[in-house]
Structures are given as C-alpha cells and as structure tokens.
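Text of input15.tsv, listed as TSV, C-alpha atoms:
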chain	number	residue	atom	x	y	z
A	1	MET	CA	-16.65	16.53	-20.81
A	2	THR	CA	-19.85	14.58	-21.37
A	3	GLN	CA	-21.86	13.02	-18.58
A	4	ARG	CA	-20.86	9.56	-19.81
A	5	VAL	CA	-17.14	10.42	-19.61
A	6	GLU	CA	-17.63	12.03	-16.19
A	7	LEU	CA	-19.43	8.91	-14.92
A	8	ALA	CA	-16.68	6.65	-16.29
A	9	THR	CA	-14.05	8.78	-14.55
A	10	VAL	CA	-15.91	8.58	-11.25
A	11	MET	CA	-16.24	4.80	-11.61
A	12	ASP	CA	-12.51	4.50	-12.38
A	13	ARG	CA	-11.64	6.65	-9.36
A	14	LEU	CA	-13.72	4.37	-7.14
A	15	ALA	CA	-12.12	1.24	-8.62
A	16	VAL	CA	-8.58	2.61	-8.20
A	17	ASP	CA	-9.37	3.67	-4.65
A	18	GLU	CA	-10.70	0.16	-3.95
A	19	MET	CA	-7.40	-1.36	-5.18
A	20	VAL	CA	-5.46	0.74	-2.65
A	21	THR	CA	-7.85	-0.33	0.11
A	22	GLU	CA	-7.48	-3.99	-0.92
A	23	TYR	CA	-3.71	-3.54	-0.84
A	24	ALA	CA	-3.79	-2.20	2.74
A	25	VAL	CA	-6.15	-4.96	3.91
A	26	ALA	CA	-4.03	-7.70	2.30
A	27	VAL	CA	-0.87	-6.44	4.03
A	28	ASP	CA	-2.56	-5.85	7.38
A	29	ASP	CA	-4.26	-9.27	7.33
A	30	GLY	CA	-1.20	-11.10	5.98
A	31	ASP	CA	-3.17	-12.40	2.99
A	32	TRP	CA	-0.23	-12.83	0.65
A	33	ALA	CA	-2.21	-14.67	-2.05
A	34	ALA	CA	-4.58	-11.68	-2.22
A	35	TYR	CA	-1.57	-9.33	-2.24
A	36	ARG	CA	-0.09	-11.10	-5.30
A	37	ARG	CA	-3.46	-11.04	-7.13
A	38	LEU	CA	-3.57	-7.24	-6.87
A	39	PHE	CA	-0.58	-6.90	-9.22
A	40	THR	CA	-0.16	-7.21	-12.98
A	41	ALA	CA	1.97	-10.14	-14.15
A	42	ASP	CA	4.99	-7.81	-14.32
A	43	GLY	CA	4.04	-5.83	-11.20
A	44	ARG	CA	6.75	-4.74	-8.77
A	45	ALA	CA	7.00	-3.23	-5.31
A	46	ASP	CA	9.80	-1.24	-3.69
A	47	TYR	CA	10.04	-1.16	0.11
A	48	ARG	CA	13.74	-0.23	0.28
A	49	SER	CA	13.16	3.15	1.97
A	50	ALA	CA	11.52	1.26	4.86
A	51	GLY	CA	14.37	-1.25	5.17
A	52	GLY	CA	12.82	-3.76	2.78
A	53	ILE	CA	13.41	-5.08	-0.70
A	54	GLU	CA	12.44	-4.28	-4.27
A	55	GLY	CA	11.16	-7.03	-6.52
A	56	ASP	CA	8.22	-8.63	-8.25
A	57	ALA	CA	4.99	-9.13	-6.34
A	58	ALA	CA	5.78	-12.75	-5.42
A	59	GLN	CA	9.26	-11.91	-4.09
A	60	VAL	CA	7.97	-8.98	-2.06
A	61	ALA	CA	5.00	-10.97	-0.73
A	62	GLY	CA	7.45	-13.62	0.51
A	63	TRP	CA	9.63	-10.99	2.15
A	64	LEU	CA	6.61	-9.34	3.80
A	65	ALA	CA	5.26	-12.70	5.00
A	66	GLU	CA	8.57	-13.49	6.67
A	67	ASN	CA	9.27	-10.06	8.18
A	68	LEU	CA	5.83	-8.97	9.29
A	69	THR	CA	5.52	-11.95	11.64
A	70	LEU	CA	7.31	-9.61	14.07
A	71	PHE	CA	4.00	-7.80	14.46
A	72	SER	CA	0.76	-9.27	15.81
A	73	MET	CA	-1.21	-6.20	14.70
A	74	ARG	CA	-0.83	-4.00	11.63
A	75	GLN	CA	-3.19	-1.24	10.57
A	76	HIS	CA	-2.44	0.82	7.47
A	77	LEU	CA	-4.22	4.15	7.31
A	78	ILE	CA	-3.85	5.44	3.75
A	79	VAL	CA	-5.09	9.01	3.30
A	80	ASN	CA	-4.85	12.11	1.09
A	81	ARG	CA	-5.21	10.05	-2.08
A	82	ARG	CA	-4.48	11.91	-5.31
A	83	VAL	CA	-5.33	10.17	-8.57
A	84	ARG	CA	-4.18	11.07	-12.09
A	85	PHE	CA	-5.31	9.11	-15.12
A	86	GLY	CA	-3.15	8.62	-18.20
A	87	ILE	CA	-3.39	7.46	-21.77
A	88	LEU	CA	-2.23	4.14	-23.14
A	89	ASP	CA	-2.68	3.19	-26.79
A	90	HIS	CA	-4.67	6.39	-27.44
A	91	ASP	CA	-7.46	5.46	-25.03
A	92	THR	CA	-8.13	7.63	-21.99
A	93	GLY	CA	-8.00	6.26	-18.50
A	94	ASP	CA	-5.97	3.08	-19.09
A	95	THR	CA	-3.33	4.03	-16.55
A	96	ALA	CA	-3.52	5.70	-13.18
A	97	LEU	CA	-1.01	7.14	-10.77
A	98	LEU	CA	-2.06	7.49	-7.16
A	99	GLN	CA	-0.05	9.14	-4.42
A	100	ALA	CA	-1.18	8.78	-0.85
A	101	ASP	CA	0.18	9.39	2.61
A	102	TYR	CA	0.16	6.61	5.18
A	103	VAL	CA	0.44	6.05	8.91
A	104	ASN	CA	1.06	2.47	9.98
A	105	PRO	CA	0.79	1.56	13.69
A	106	MET	CA	1.95	-1.96	14.52
A	107	ARG	CA	2.12	-4.07	17.69
A	108	PHE	CA	5.07	-6.37	18.32
A	109	ALA	CA	4.18	-10.05	18.65
A	110	GLY	CA	4.74	-11.47	22.11
A	111	GLY	CA	4.35	-8.12	23.85
A	112	ASP	CA	2.07	-7.26	26.74
A	113	ALA	CA	-1.16	-9.08	25.81
A	114	ALA	CA	-3.25	-6.66	27.89
A	115	SER	CA	-1.98	-3.60	26.01
A	116	THR	CA	-3.54	-2.50	22.75
A	117	ALA	CA	-1.17	0.41	22.13
A	118	PRO	CA	1.11	0.18	19.10
A	119	ASP	CA	4.80	-0.41	19.72
A	120	PHE	CA	6.01	0.82	16.36
A	121	VAL	CA	4.53	3.52	14.15
A	122	CYS	CA	5.81	4.68	10.79
A	123	GLY	CA	4.55	7.02	8.12
A	124	GLY	CA	5.32	8.27	4.67
A	125	ARG	CA	4.00	8.29	1.14
A	126	TYR	CA	2.97	5.59	-1.29
A	127	SER	CA	3.19	5.91	-5.06
A	128	PHE	CA	0.93	3.45	-6.86
A	129	ALA	CA	1.01	2.94	-10.64
A	130	LEU	CA	-2.05	1.07	-11.91
A	131	LEU	CA	-3.06	-0.43	-15.22
A	132	ARG	CA	-6.52	-1.29	-16.49
A	133	THR	CA	-6.53	-4.96	-17.50
A	134	ARG	CA	-9.21	-7.35	-18.71
A	135	ASP	CA	-9.69	-8.28	-15.05
A	136	GLY	CA	-10.02	-4.65	-13.94
A	137	TRP	CA	-7.48	-2.32	-12.39
A	138	ARG	CA	-4.24	-3.89	-11.15
A	139	LEU	CA	-1.10	-2.58	-9.49
A	140	ARG	CA	1.84	-2.26	-11.83
A	141	GLN	CA	4.16	-0.67	-9.27
A	142	VAL	CA	4.11	0.25	-5.58
A	143	VAL	CA	6.84	2.45	-4.11
A	144	VAL	CA	7.02	3.12	-0.38
A	145	GLU	CA	8.74	6.31	0.75
A	146	GLU	CA	9.02	6.03	4.52
A	147	ARG	CA	9.48	9.51	5.99
A	148	TRP	CA	9.46	8.81	9.73
A	149	ARG	CA	9.18	6.09	12.37
A	150	ARG	CA	8.69	5.94	16.08
A	151	LEU	CA	9.99	3.03	18.13
A	152	PRO	CA	9.33	2.34	21.81
A	153	ASP	CA	11.34	4.50	24.19
A	154	PRO	CA	13.96	2.12	25.66
A	155	ARG	CA	13.89	4.13	28.90
A	156	ALA	CA	10.17	3.34	29.31
A	157	VAL	CA	10.82	-0.37	28.78
A	158	ALA	CA	13.68	-0.34	31.31
A	159	VAL	CA	11.51	1.43	33.90
A	160	SER	CA	8.67	-1.08	33.57
A	161	ASP	CA	10.94	-4.16	33.87

Can the structure in the file be given as structure tokens, please?
Amino acid sequence: MTQRVELATVMDRLAVDEMVTEYAVAVDDGDWAAYRRLFTADGRADYRSAGGIEGDAAQVAGWLAENLTLFSMRQHLIVNRRVRFGILDHDTGDTALLQADYVNPMRFAGGDAASTAPDFVCGGRYSFALLRTRDGWRLRQVVVEERWRRLPDPRAVAVSD
C-alpha cells in the first residue's frame, strides 16, 4: 500500500467515525433535521429490536421525535468501532460498514429534577452501512440490535413514595 492510499484510508476512517458521532449527537440533541441530513436519499434505519420501527430516514426521524420526548436526557456512548471498506464500481473505499457497541443512559422527563442519575439504560450493537457521495460520507442503513436494558426498580420507586 502506498503512503497516498494509506493517508486516504486514514482520512476515510476519520470521516466515517465523524458520521457516527454526528448520528449520536443528532439523536441525543433531538436535532431531527440533522439526523435526516446524515442519510443518503434512500437511507433507512431499523430500530425494531429496541421496540421501534423500520423505515426511511424521514419516517424514523418522526418516530424518534415523538417517542424520545419521554426522556429529558439522552447520551449515546458508541464504542468499539470496527470499520471495513468496500468496493463500488471498481473503486476502493466507496462503501463502509461499521459495527459498534453502544450504551445509552436516559432520564425520564418529569422525574426528580434534583437527580441526575439515568432512569433507563440500554445497550447493544449498531450496524452502520455508509456510502461515499458527492457531499461526503452518508448513512445508507442503520440497524440497532438492542441486547439489554435496565429499567428503574419498581420496589425502589414504591419505597421512596
């Protein structure tokens, strides 16, 4: 591999990583216009394993906007990112697959204002499929595979009431 190819690969890895970070920030901040801009025109997301929907970016953004109002705080932590580049039209690096684990603590809206502890925490794995476009890297597909969740202990709530 030449130095030029190695540099291009490093730059692509950084750009793909930035897309995943932008995704997490858009969801956590509830910036649904930014969320939609991260996707290709035919981009889709699948949140069914976490009790959500599967659909195009606009449909999913609408569903997220409606359902995430339950939480006043969201904080995606996306780690262990593994990137693989692919070939499209005989050019290297036009596609990328990224798998990453996540932990997502959230705070229910209307809860104890003095508390900063999360009420709901879930975790699992994301699969991101990305495509290089004229506008840079964009998400073609996002699949959420929720593997666990922790809800408040109802006994603790009953004791504090």

Item to complete: Show me as a PyMOL selection string the residues that reach within 6 Å of (-3.5, -3.0, -6.5), counting all atoms listed in the file and using the file's own coordinates.
Response: chain A and resi 19-20+23+38-39+138-139

Worksheet item: Smallest atom-to-atom distance to Val103 of chain A: which of A:Arg140, A:Arg150, A:Arg132, A:Arg82, using all atoms listed in the file?
Response: A:Arg150

Worksheet item: Which residue gives the smallest distance to Arg147 of chain A among A:Gly62, A:Gly30, A:Gly86, A:Gly51, with all atoms listed in the file counted?
Response: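 Under the stated criterion, the closest residue is A:Gly51.
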
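Here the question is which of A:Val60, A:Ala41, A:Leu70, A:Ala50 gets nearest to Glu146 of chain A using only C-alpha atoms, and that residue is A:Ala50.
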
Worksheet entry | Near-Val143 of chain A list (6 Å; only C-alpha atoms; drop same-chain fewer than 6 positions) as a PyMOL selection string | chain A and resi 45-46+126-127
